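Quick look at entry_25.cif (mmCIF, C-alpha atoms and all ligand atoms):
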data_protein
#
loop_
_atom_site.label_atom_id
_atom_site.label_comp_id
_atom_site.auth_asym_id
_atom_site.auth_seq_id
_atom_site.Cartn_x
_atom_site.Cartn_y
_atom_site.Cartn_z
CA SER I 1 0.00 0.00 0.00
CA ARG I 2 1.07 3.58 -0.60
CA ARG I 3 0.22 5.91 2.18
CA ILE I 4 1.34 9.43 2.82
CA VAL I 5 1.32 10.64 6.37
CA SER I 6 1.19 14.37 6.94
CA ALA I 7 4.49 15.83 7.99
CA ALA I 8 2.60 18.00 10.43
CA SER I 9 2.62 15.75 13.48
CA SER I 10 4.64 18.10 15.70
CA GLN I 11 2.47 20.96 14.50
CA THR I 12 -0.59 18.86 15.37
CA ILE I 13 0.66 18.30 18.91
CA GLN I 14 1.15 22.05 19.36
CA ALA I 15 -2.29 22.71 17.91
CA ASN I 16 -3.83 20.16 20.26
CA ARG I 17 -2.36 22.04 23.21
CA PHE I 18 -3.71 25.29 21.84
CA PHE I 19 -7.23 24.06 21.14
CA GLY I 20 -7.41 22.18 24.44
CA SER I 21 -10.56 20.23 25.21
CA THR I 22 -12.05 20.50 21.69
CA THR I 23 -9.42 18.16 20.34
CA ALA I 24 -9.30 15.84 23.31
CA MET I 25 -12.11 13.94 21.54
CA GLY I 26 -9.77 12.73 18.78
CA ARG I 27 -12.15 12.22 15.87
CA LYS I 28 -11.10 10.46 12.68
CA VAL I 29 -13.08 11.07 9.49
CA ALA I 30 -12.46 9.05 6.31
CA VAL I 31 -13.54 10.34 2.89
CA LEU I 32 -13.91 7.64 0.21
CA GLY I 33 -13.73 9.21 -3.25
CA ALA I 34 -11.58 12.00 -1.83
CA ALA I 35 -9.87 12.94 -5.11
CA GLY I 36 -13.15 13.65 -6.91
CA GLY I 37 -15.16 16.76 -7.61
CA ILE I 38 -16.93 16.54 -4.25
CA GLY I 39 -14.17 14.70 -2.41
CA GLN I 40 -11.49 17.39 -2.73
CA PRO I 41 -13.44 20.43 -1.49
CA LEU I 42 -15.17 18.25 1.12
CA SER I 43 -11.76 17.13 2.40
CA LEU I 44 -10.62 20.76 2.46
CA LEU I 45 -13.59 21.80 4.60
CA LEU I 46 -13.13 18.84 6.94
CA LYS I 47 -9.43 19.69 7.27
CA LEU I 48 -10.54 23.09 8.55
CA SER I 49 -13.03 21.71 11.09
CA PRO I 50 -11.96 21.99 14.73
CA ASN I 51 -13.88 18.74 15.30
CA VAL I 52 -11.64 16.62 13.06
CA THR I 53 -8.26 15.48 14.39
CA GLU I 54 -7.49 12.89 11.69
CA LEU I 55 -8.59 13.01 8.06
CA ALA I 56 -8.09 9.96 5.87
CA CYS I 57 -8.46 10.57 2.13
CA TYR I 58 -9.06 7.43 0.04
CA ASP I 59 -9.65 7.12 -3.71
CA ILE I 60 -8.54 4.80 -6.47
CA VAL I 61 -6.22 7.59 -7.71
CA GLY I 62 -4.80 10.92 -6.62
CA THR I 63 -5.12 10.97 -2.84
CA PRO I 64 -1.37 11.10 -2.07
CA GLY I 65 -1.36 14.48 -3.82
CA VAL I 66 -4.58 15.67 -2.22
CA ALA I 67 -3.26 14.75 1.23
CA ALA I 68 0.16 16.31 0.71
CA ASP I 69 -1.53 19.51 -0.42
CA LEU I 70 -4.03 19.60 2.46
CA SER I 71 -1.33 18.76 5.01
CA HIS I 72 0.26 22.20 4.55
CA ILE I 73 -2.86 23.91 5.92
CA PRO I 74 -2.30 24.77 9.59
CA SER I 75 -5.22 23.09 11.32
CA ILE I 76 -5.40 20.43 14.02
CA ALA I 77 -6.23 17.53 11.68
CA SER I 78 -3.47 15.26 10.45
CA VAL I 79 -4.05 13.99 6.90
CA THR I 80 -3.31 10.71 5.15
CA GLY I 81 -3.68 9.89 1.46
CA ASN I 82 -4.60 6.30 0.72
CA ILE I 83 -5.03 4.37 -2.53
CA PRO I 84 -5.76 0.68 -3.17
CA SER I 85 -2.82 -1.61 -2.61
CA SER I 86 -1.95 -2.86 -6.10
CA GLY I 87 -3.57 -6.01 -7.38
CA THR I 88 -5.72 -6.48 -4.33
CA TRP I 89 -9.19 -5.49 -5.52
CA PRO I 90 -11.80 -6.05 -4.01
CA PRO I 91 -11.12 -3.63 -1.20
CA SER I 92 -11.73 -6.10 1.62
CA HIS I 93 -8.13 -7.09 0.88
CA ASP I 94 -6.99 -3.54 0.26
CA THR I 95 -4.45 -2.32 2.79
CA GLY I 96 -4.91 1.27 1.55
CA LEU I 97 -8.61 1.10 2.37
CA GLU I 98 -7.82 -0.66 5.63
CA ALA I 99 -5.47 2.15 6.65
CA ALA I 100 -8.05 4.80 5.74
CA LEU I 101 -10.88 3.11 7.64
CA THR I 102 -9.23 1.71 10.74
CA GLY I 103 -10.27 3.81 13.73
CA ALA I 104 -12.67 6.01 11.71
CA ASP I 105 -15.56 7.54 13.63
CA ILE I 106 -17.33 8.73 10.46
CA VAL I 107 -16.91 7.56 6.87
CA VAL I 108 -18.22 9.92 4.20
CA ILE I 109 -18.70 8.30 0.78
CA PRO I 110 -18.87 10.47 -2.36
CA ALA I 111 -17.22 7.77 -4.56
CA GLY I 112 -18.86 7.06 -7.89
CA VAL I 113 -19.80 8.58 -11.21
CA PRO I 114 -21.89 11.77 -11.51
CA ARG I 115 -24.71 12.51 -13.98
CA LYS I 116 -24.49 14.08 -17.41
CA PRO I 117 -27.37 16.03 -18.99
CA GLY I 118 -30.32 13.78 -19.85
CA MET I 119 -29.55 11.21 -17.16
CA THR I 120 -31.52 10.46 -13.99
CA ARG I 121 -29.76 9.55 -10.78
CA ASP I 122 -31.10 6.02 -11.28
CA ASP I 123 -29.08 5.83 -14.52
CA LEU I 124 -25.97 5.81 -12.25
CA PHE I 125 -27.17 2.69 -10.44
CA ASN I 126 -25.29 0.11 -12.53
CA THR I 127 -21.90 1.73 -11.87
CA ASN I 128 -22.31 3.17 -8.40
CA ALA I 129 -24.13 0.26 -6.74
CA GLY I 130 -21.04 -1.93 -7.09
CA ILE I 131 -18.70 0.82 -5.88
CA VAL I 132 -20.80 1.47 -2.77
CA LYS I 133 -21.15 -2.27 -2.09
CA ALA I 134 -17.39 -2.81 -2.22
CA LEU I 135 -16.59 0.21 -0.06
CA VAL I 136 -19.22 -0.64 2.55
CA GLU I 137 -17.81 -4.18 2.70
CA GLY I 138 -14.53 -2.50 3.64
CA CYS I 139 -16.31 -0.44 6.30
CA ALA I 140 -17.95 -3.58 7.74
CA LYS I 141 -14.56 -5.18 8.05
CA PHE I 142 -12.28 -2.31 9.08
CA CYS I 143 -14.53 0.14 11.01
CA PRO I 144 -17.75 -1.70 11.92
CA GLY I 145 -18.73 0.88 14.55
CA ALA I 146 -18.35 3.95 12.33
CA ILE I 147 -21.19 6.19 11.21
CA LEU I 148 -21.53 6.03 7.41
CA ALA I 149 -22.68 9.06 5.43
CA ILE I 150 -23.55 8.05 1.86
CA ILE I 151 -23.42 10.72 -0.83
CA SER I 152 -23.03 8.47 -3.92
CA ASN I 153 -26.14 8.44 -6.11
CA PRO I 154 -28.75 7.17 -6.41
CA VAL I 155 -28.93 7.74 -2.63
CA ASN I 156 -32.47 6.29 -2.51
CA SER I 157 -30.94 2.92 -3.51
CA THR I 158 -27.31 3.10 -2.35
CA VAL I 159 -28.31 3.49 1.32
CA PRO I 160 -30.48 0.31 1.26
CA ILE I 161 -27.58 -1.47 -0.46
CA ALA I 162 -25.26 -0.36 2.35
CA ALA I 163 -27.76 -1.60 4.96
CA GLU I 164 -27.99 -5.02 3.33
CA ILE I 165 -24.20 -5.35 3.11
CA LEU I 166 -23.77 -4.37 6.77
CA LYS I 167 -26.49 -6.90 7.73
CA LYS I 168 -24.66 -9.65 5.85
CA HIS I 169 -21.57 -8.86 7.93
CA GLY I 170 -23.61 -8.78 11.15
CA VAL I 171 -22.68 -5.17 11.91
CA TYR I 172 -25.77 -3.20 10.82
CA ASP I 173 -26.84 -0.50 13.24
CA PRO I 174 -29.60 1.69 11.74
CA LYS I 175 -28.47 4.59 13.94
CA LYS I 176 -25.17 4.64 12.08
CA LEU I 177 -26.22 4.67 8.43
CA CYS I 178 -27.35 7.90 6.76
CA GLY I 179 -27.92 9.09 3.24
CA VAL I 180 -26.88 12.72 2.96
CA THR I 181 -29.79 14.91 1.82
CA THR I 182 -28.41 18.16 3.24
CA LEU I 183 -27.94 19.60 -0.26
CA ASP I 184 -31.72 19.64 -0.67
CA VAL I 185 -32.06 21.49 2.63
CA ILE I 186 -29.43 24.12 1.82
CA ARG I 187 -30.97 24.68 -1.62
CA ALA I 188 -34.40 25.14 -0.05
CA ASN I 189 -32.96 27.55 2.54
CA THR I 190 -31.22 29.53 -0.22
CA PHE I 191 -34.38 29.82 -2.31
CA VAL I 192 -36.51 30.95 0.65
CA GLY I 193 -33.87 33.44 1.78
CA ALA I 194 -33.85 34.97 -1.71
CA SER I 195 -37.64 35.10 -1.82
CA MET I 196 -38.03 36.65 1.64
CA GLY I 197 -34.99 38.91 1.35
CA CYS I 198 -33.43 37.50 4.51
CA ASP I 199 -30.29 35.62 5.51
CA PRO I 200 -30.71 32.04 4.24
CA ASN I 201 -28.69 30.79 7.20
CA GLU I 202 -31.59 31.77 9.43
CA ILE I 203 -33.95 29.51 7.47
CA ASN I 204 -34.30 25.78 8.09
CA VAL I 205 -36.64 24.06 5.65
CA PRO I 206 -37.49 20.45 6.50
CA VAL I 207 -37.02 18.40 3.32
CA ILE I 208 -38.45 14.90 3.54
CA GLY I 209 -38.64 11.74 1.42
CA GLY I 210 -35.61 10.82 -0.64
CA HIS I 211 -33.00 12.41 -2.88
CA ALA I 212 -34.19 12.22 -6.49
CA GLY I 213 -36.65 14.41 -8.39
CA THR I 214 -40.17 14.18 -7.00
CA THR I 215 -39.05 12.02 -4.07
CA ILE I 216 -37.60 15.29 -2.68
CA LEU I 217 -40.37 17.07 -0.75
CA PRO I 218 -39.61 20.46 0.83
CA LEU I 219 -42.13 21.44 3.49
CA TYR I 220 -42.35 25.16 2.84
CA SER I 221 -45.54 25.39 4.91
CA GLN I 222 -43.36 24.90 8.00
CA VAL I 223 -41.18 27.97 7.41
CA PRO I 224 -42.33 30.74 9.78
CA GLY I 225 -43.25 33.92 7.92
CA PHE I 226 -43.02 32.40 4.43
CA SER I 227 -46.31 32.65 2.60
CA PRO I 228 -45.72 32.37 -1.14
CA SER I 229 -48.46 32.58 -3.76
CA ASP I 230 -49.62 29.26 -5.19
CA GLU I 231 -47.54 29.95 -8.30
CA GLU I 232 -44.40 30.73 -6.32
CA LEU I 233 -44.90 27.70 -4.08
CA GLU I 234 -45.16 25.44 -7.12
CA ALA I 235 -42.07 27.00 -8.71
CA ILE I 236 -39.90 26.83 -5.59
CA THR I 237 -41.01 23.27 -4.81
CA VAL I 238 -40.17 22.03 -8.32
CA ARG I 239 -36.90 23.99 -8.31
CA THR I 240 -35.88 22.25 -5.09
CA GLN I 241 -36.80 18.85 -6.51
CA PHE I 242 -34.81 19.50 -9.68
CA GLY I 243 -32.01 21.73 -8.34
CA GLY I 244 -29.53 18.99 -9.19
CA ASP I 245 -30.62 19.06 -12.85
CA GLU I 246 -30.07 22.84 -12.93
CA VAL I 247 -26.40 22.28 -12.06
CA VAL I 248 -26.00 19.24 -14.35
CA GLN I 249 -27.31 21.26 -17.29
CA ALA I 250 -25.14 24.29 -16.51
CA LYS I 251 -22.04 22.07 -16.26
CA ALA I 252 -22.97 20.67 -19.70
CA GLY I 253 -21.38 17.22 -19.40
CA ALA I 254 -18.68 18.10 -16.86
CA GLY I 255 -20.54 16.54 -13.92
CA SER I 256 -23.01 17.56 -11.26
CA ALA I 257 -22.99 19.65 -8.09
CA THR I 258 -19.62 19.41 -6.35
CA LEU I 259 -18.96 22.64 -4.44
CA SER I 260 -22.43 23.02 -2.91
CA MET I 261 -22.41 19.29 -2.17
CA ALA I 262 -19.00 19.53 -0.51
CA TYR I 263 -20.38 22.29 1.70
CA ALA I 264 -23.52 20.24 2.45
CA GLY I 265 -21.44 17.14 3.22
CA TYR I 266 -19.24 19.16 5.53
CA VAL I 267 -22.24 20.69 7.37
CA PHE I 268 -23.81 17.24 7.79
CA THR I 269 -20.59 15.58 9.00
CA ASP I 270 -19.63 18.36 11.35
CA LYS I 271 -23.07 18.27 13.00
CA VAL I 272 -22.75 14.50 13.47
CA LEU I 273 -19.35 15.12 15.08
CA GLN I 274 -20.77 17.82 17.36
CA ALA I 275 -23.45 15.37 18.53
CA MET I 276 -20.81 12.65 19.07
CA ASN I 277 -18.90 15.14 21.18
CA GLY I 278 -21.89 15.79 23.43
CA ALA I 279 -23.95 18.58 21.85
CA ASP I 280 -27.57 17.72 22.69
CA ASP I 281 -29.36 20.05 20.28
CA ILE I 282 -28.38 18.58 16.91
CA VAL I 283 -31.38 17.97 14.64
CA GLN I 284 -30.93 17.66 10.89
CA CYS I 285 -32.60 15.87 8.01
CA ALA I 286 -31.09 12.56 6.93
CA TYR I 287 -32.21 9.59 4.82
CA VAL I 288 -32.30 6.75 7.33
CA GLU I 289 -34.09 3.51 8.16
CA SER I 290 -37.42 4.77 9.37
CA SER I 291 -40.83 3.62 10.51
CA ILE I 292 -42.61 6.96 10.20
CA THR I 293 -44.01 6.00 6.76
CA ASP I 294 -44.38 2.66 5.00
CA ALA I 295 -41.11 3.23 3.10
CA ALA I 296 -38.25 1.38 4.82
CA PHE I 297 -35.93 4.38 4.32
CA PHE I 298 -37.10 7.97 4.51
CA SER I 299 -35.52 11.35 5.05
CA SER I 300 -36.94 13.44 7.87
CA PRO I 301 -35.54 15.54 10.72
CA CYS I 302 -33.45 13.32 13.01
CA LYS I 303 -32.02 13.99 16.44
CA PHE I 304 -28.35 13.06 16.57
CA GLY I 305 -26.51 11.94 19.69
CA PRO I 306 -23.21 10.32 20.67
CA ASP I 307 -24.01 7.12 18.72
CA GLY I 308 -25.53 8.64 15.60
CA VAL I 309 -29.26 8.91 14.99
CA GLU I 310 -30.80 9.01 18.44
CA GLU I 311 -34.37 9.51 17.23
CA VAL I 312 -36.08 9.70 13.86
CA LEU I 313 -38.46 12.60 14.31
CA GLY I 314 -41.77 13.00 12.53
CA TYR I 315 -42.37 15.73 9.98
CA GLY I 316 -45.40 17.35 11.59
CA ASP I 317 -48.53 18.51 9.81
CA ILE I 318 -48.41 18.86 6.06
CA THR I 319 -50.76 20.75 3.75
CA PRO I 320 -52.99 19.13 1.10
CA TYR I 321 -50.54 20.48 -1.52
CA GLU I 322 -47.62 18.71 0.19
CA GLN I 323 -49.74 15.59 0.75
CA ALA I 324 -50.37 15.34 -3.01
CA TRP I 325 -46.60 15.36 -3.66
CA PHE I 326 -46.15 12.85 -0.81
CA ASP I 327 -48.68 10.43 -2.34
CA LYS I 328 -46.99 10.78 -5.72
CA MET I 329 -43.54 10.13 -4.30
CA MET I 330 -44.12 6.99 -2.24
CA PRO I 331 -44.38 4.34 -5.01
CA ASP I 332 -41.20 5.66 -6.67
CA LEU I 333 -39.29 5.83 -3.40
CA LYS I 334 -40.32 2.32 -2.39
CA GLY I 335 -39.36 0.98 -5.84
CA GLN I 336 -35.91 2.58 -5.63
CA ILE I 337 -35.39 1.13 -2.14
CA GLN I 338 -36.39 -2.34 -3.35
CA LYS I 339 -34.01 -2.04 -6.29
CA GLY I 340 -31.13 -1.54 -3.83
CA VAL I 341 -32.24 -4.43 -1.61
CA ASP I 342 -32.53 -6.72 -4.65
CA PHE I 343 -29.07 -5.74 -5.89
CA ALA I 344 -27.52 -6.71 -2.56
CA ASN I 345 -29.44 -10.02 -2.46
CA PRO I 346 -29.10 -11.46 -5.98
P1 LIG I 401 -16.32 12.62 -9.50
O1 LIG I 401 -16.27 11.72 -10.68
O2 LIG I 401 -15.74 13.99 -9.66
O3 LIG I 401 -15.58 11.95 -8.26
C1 LIG I 401 -15.87 10.65 -7.87
C2 LIG I 401 -14.60 10.05 -7.30
O4 LIG I 401 -14.89 8.72 -6.89
C3 LIG I 401 -13.44 9.96 -8.31
O5 LIG I 401 -12.29 10.61 -7.80
C4 LIG I 401 -13.22 8.48 -8.46
O6 LIG I 401 -11.85 8.11 -8.69
C5 LIG I 401 -13.74 7.96 -7.13
N1 LIG I 401 -14.01 6.54 -7.12
C6 LIG I 401 -14.59 5.77 -8.08
N2 LIG I 401 -14.62 4.48 -7.69
C7 LIG I 401 -14.07 4.44 -6.45
C8 LIG I 401 -13.81 3.40 -5.53
N3 LIG I 401 -14.13 2.13 -5.79
N4 LIG I 401 -13.22 3.72 -4.38
C9 LIG I 401 -12.90 4.99 -4.09
N5 LIG I 401 -13.11 6.03 -4.92
C10 LIG I 401 -13.69 5.74 -6.09
O7 LIG I 401 -17.84 12.71 -9.03
P2 LIG I 401 -18.49 13.75 -8.00
O8 LIG I 401 -19.00 14.92 -8.73
O9 LIG I 401 -17.57 13.93 -6.86
O10 LIG I 401 -19.79 12.91 -7.53
C11 LIG I 401 -19.65 11.72 -6.79
C12 LIG I 401 -21.00 11.09 -6.49
O11 LIG I 401 -21.77 11.94 -5.63
C13 LIG I 401 -21.87 10.88 -7.73
O12 LIG I 401 -22.50 9.62 -7.63
C14 LIG I 401 -22.91 11.98 -7.63
O13 LIG I 401 -24.11 11.66 -8.31
C15 LIG I 401 -23.09 12.05 -6.14
N6 LIG I 401 -23.70 13.29 -5.64
C16 LIG I 401 -24.59 13.18 -4.61
C17 LIG I 401 -25.16 14.31 -4.07
C18 LIG I 401 -26.12 14.21 -2.92
O14 LIG I 401 -26.81 15.18 -2.63
N7 LIG I 401 -26.21 13.11 -2.21
C19 LIG I 401 -24.83 15.56 -4.58
C20 LIG I 401 -23.92 15.64 -5.62
C21 LIG I 401 -23.36 14.49 -6.16
C1 LIG I 402 -27.66 16.93 -6.71
O1 LIG I 402 -28.76 16.98 -6.17
O2 LIG I 402 -27.09 17.96 -7.13
C2 LIG I 402 -26.93 15.62 -6.80
O3 LIG I 402 -27.74 14.55 -6.43
C3 LIG I 402 -26.27 15.41 -8.12
C4 LIG I 402 -27.24 15.18 -9.25
O4 LIG I 402 -27.07 14.20 -9.97
O5 LIG I 402 -28.14 15.99 -9.44
#

Mind converting the file's structure to C-alpha cells?
Amino acid sequence: SRRIVSAASSQTIQANRFFGSTTAMGRKVAVLGAAGGIGQPLSLLLKLSPNVTELACYDIVGTPGVAADLSHIPSIASVTGNIPSSGTWPPSHDTGLEAALTGADIVVIPAGVPRKPGMTRDDLFNTNAGIVKALVEGCAKFCPGAILAIISNPVNSTVPIAAEILKKHGVYDPKKLCGVTTLDVIRANTFVGASMGCDPNEINVPVIGGHAGTTILPLYSQVPGFSPSDEELEAITVRTQFGGDEVVQAKAGAGSATLSMAYAGYVFTDKVLQAMNGADDIVQCAYVESSITDAAFFSSPCKFGPDGVEEVLGYGDITPYEQAWFDKMMPDLKGQIQKGVDFANP
C-alpha cells in the first residue's frame, strides 16, 4: 500500500495544546472518493473543522497528492492519502482502504460517477451500486462501529444497499447509516432566503422523502413567515426537486454539483461530530431507516446523539398540496429502495 502521512505531526501536537478540550475527543473522518469533484473540497472543509483530528483521504487515484496539499494547511487535523494496494481489488483485501478506515468515527462516501445532462440519478445505479457495495464491505470489516454518510447516487438505492451489506456482515446499526440529503435542505434555505430577502442561514426548511426528483419534498408550509403565492410555491417546490438538474445542465457534461455538495457534506458531517462530542441540540434531516411512513428508508428531521441517529423525528402537519406530492412520491421511493435491496441479495 502507498500511504502518505502528513508531515505535520509536531504541529498537530502544538495545535492540540492550543485548542485544548475540543481536540481531546480525537475524531477520525475518512472520505472515500476524496480525489473527486466533491471529495477534494469536502476534504478541504473537513481539514478546517476543529472537530476533526485525523482526516483519511481514500480514492482509487490521486489521494497522495490531495493529502500532501491539504497537510500544509495549519489546522489540528493530520491527513493521510490512501489508494488501493496494487492487485488487491476487491477492497476487503486492500491495505490502503484498511489504513483509511481503521479507527474512523465517520466515513463519508462520495465515490462514484456523476450525472451528465439527460440522465436520472437512477441511470448511475449500474456503476455506483457496485462501488458502494465494495466500499461498505470495507467499512464492515475495518470500522464496523463507524457512522456512514452516503453521498453516492442514487442515494435512494445506495443506502439500502449499504444496509444489506452491513447486515450480511452482522454489523448493521440503523443509527449509524445515513444518506446525505443536506444539499436539498441548503438549496431550499437559499431559495426561501432569496424570496423573503433574509439571511438564508436563518432559514431551516425540512425536506423529507428521498434524494431524487419528486421524491424530494420540501415542506415550505413549515417555514415561519413564508407565505408564497400558489404559483411561487409550485415553482420553488419544483426547483428544489430539480435543483440537481439545474447544475448538471449548466455544467454541460462536466458533472453535477460538487462545491455546494462539498459544503452540504461538511455541514452534515460536522453536526454529526458535534453530537458525538456531546452537543444535545443537533437535529438535521437525513435519509435513514425509518418507521414513520411505509417506506423502509425515509428522510426526515433526526435527532443526533453520541451514537448517531438518536431519534427519527416525525415531519409534523403537512398541507394538502404537500400531501399530493407525498402520495406521488411513495411508489417511486419504495421501488428505488427495493431495487437496492434486490441488488444486494441477488
Ligand atoms: P467525480 O467523478 O468527480 O468523483 C468521484 C470520485 O470517486 C473519483 O475521484 C473516483 O476516482 C472515485 N471513485 C470511483 N470508484 C471508487 C472506488 N471504488 N473507491 C474509491 N473512490 C472511487 O464525481 P463527484 O462529482 O464527486 O460525484 C460523486 C458522487 O456523488 C456521484 O454519484 C454523484 O451523483 C453524487 N452526488 C450526490 C449528491 C447528494 O446530494 N447526495 C450531490 C452531488 C453528487
Ligand atoms: C444533486 O442533487 O445535485 C446531486 O444529487 C447530483 C445530481 O445528480 O443531481

Within-10 Å shell of (-27.4, 11.0, -8.4) in input frame, all atoms listed in the file, as a PyMOL selection string: chain I and resi 112-116+119-125+128+151-156+158+211-213+244-245+256-257

Pick from I:Glu246, I:Asp281, I:Asp59, I:Glu322, whichever lies nearest to ligand LIG 402 (chain I) using only C-alpha atoms and all ligand atoms: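 Nearest to ligand LIG 402 (chain I): I:Glu246.
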
Two-atom distance - CA of Pro174 (chain I), CA of Thr240 (chain I) (Å):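 If I compute the distance from CA of Pro174 (chain I) to CA of Thr240 (chain I), I get 27.3 Å.
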
Counting all atoms listed in the file, the residue of I:Val31, I:Leu219, I:Ala262, I:Cys178 that sits nearest Tyr321 (chain I): I:Leu219

Atom pair atom C2 of ligand LIG 401 (chain I) / CA of Pro84 (chain I): separation (Å):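 Rounded to one decimal, the two atoms are 13.5 Å apart.
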
Selection near Lys328 (chain I), 12 Å with all atoms listed in the file, sequence-local residues under 2 positions removed, as number ranges by chain: I: 209, 213-217, 321-326, 330-334

Generate the output file for the selected residues, C-alpha atoms, as a PDB file, in the frame of the given file.
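Output contents, as saved in again17.pdb:
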ATOM      1  CA  GLY I 209     -38.640  11.740   1.420  1.00  0.00           C
ATOM      2  CA  GLY I 213     -36.650  14.410  -8.390  1.00  0.00           C
ATOM      3  CA  THR I 214     -40.170  14.180  -7.000  1.00  0.00           C
ATOM      4  CA  THR I 215     -39.050  12.020  -4.070  1.00  0.00           C
ATOM      5  CA  ILE I 216     -37.600  15.290  -2.680  1.00  0.00           C
ATOM      6  CA  LEU I 217     -40.370  17.070  -0.750  1.00  0.00           C
ATOM      7  CA  TYR I 321     -50.540  20.480  -1.520  1.00  0.00           C
ATOM      8  CA  GLU I 322     -47.620  18.710   0.190  1.00  0.00           C
ATOM      9  CA  GLN I 323     -49.740  15.590   0.750  1.00  0.00           C
ATOM     10  CA  ALA I 324     -50.370  15.340  -3.010  1.00  0.00           C
ATOM     11  CA  TRP I 325     -46.600  15.360  -3.660  1.00  0.00           C
ATOM     12  CA  PHE I 326     -46.150  12.850  -0.810  1.00  0.00           C
ATOM     13  CA  MET I 330     -44.120   6.990  -2.240  1.00  0.00           C
ATOM     14  CA  PRO I 331     -44.380   4.340  -5.010  1.00  0.00           C
ATOM     15  CA  ASP I 332     -41.200   5.660  -6.670  1.00  0.00           C
ATOM     16  CA  LEU I 333     -39.290   5.830  -3.400  1.00  0.00           C
ATOM     17  CA  LYS I 334     -40.320   2.320  -2.390  1.00  0.00           C
TER      18      LYS I 334
END

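For the atom pair formed by CA of Ala129 (chain I) and CA of Arg27 (chain I), the distance is 28.2 Å, given to one decimal.
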
Expected residue set, 12 Å radius at (-46.5, 26.6, 5.6), all atoms listed in the file, as JSON, numbers by chain: {"I": [192, 205, 206, 218, 219, 220, 221, 222, 223, 224, 225, 226, 227, 228, 229, 230, 233, 316, 317, 318, 319, 320, 321, 322]}

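When only C-alpha atoms and all ligand atoms are used to measure the gap to ligand LIG 402 (chain I), the shortest distance among I:Ala254, I:Ala279, I:Met329, I:Ala146 belongs to I:Ala254.
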
Among the residues I:Leu42, I:Cys139, I:Val248, I:Ile147, the one that comes closest to ligand LIG 402 (chain I) [using all atoms listed in the file]: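 Of all the options, I:Val248 lies closest to ligand LIG 402 (chain I).
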
Return as JSON the box centre and box size in Å, one decimal, for an axis-aligned box around all listed atoms of region 101-105 of chain I padded by 5 Å per side.
{"center_x": -12.4, "center_y": 4.6, "center_z": 10.7, "size_x": 16.3, "size_y": 15.8, "size_z": 16.1}

Region 335-341 of chain I surroundings by all atoms listed in the file, 6 Å radius, close-in-sequence under 6 positions cut, as a list in words: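 Once the nearby chain positions are removed, what remains is Asn156, Ser157, Pro160 and Ile161 of chain I.
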
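With distances taken over all atoms listed in the file, I:Tyr58 is the one residue among I:Phe242, I:Tyr172, I:Phe343, I:Tyr58 lying closest to ligand LIG 401 (chain I).
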
I:Ser300, I:Gln40, I:Ser71, I:Gln284 ranked by distance to ligand LIG 401 (chain I), top pick (using only C-alpha atoms and all ligand atoms): I:Gln40
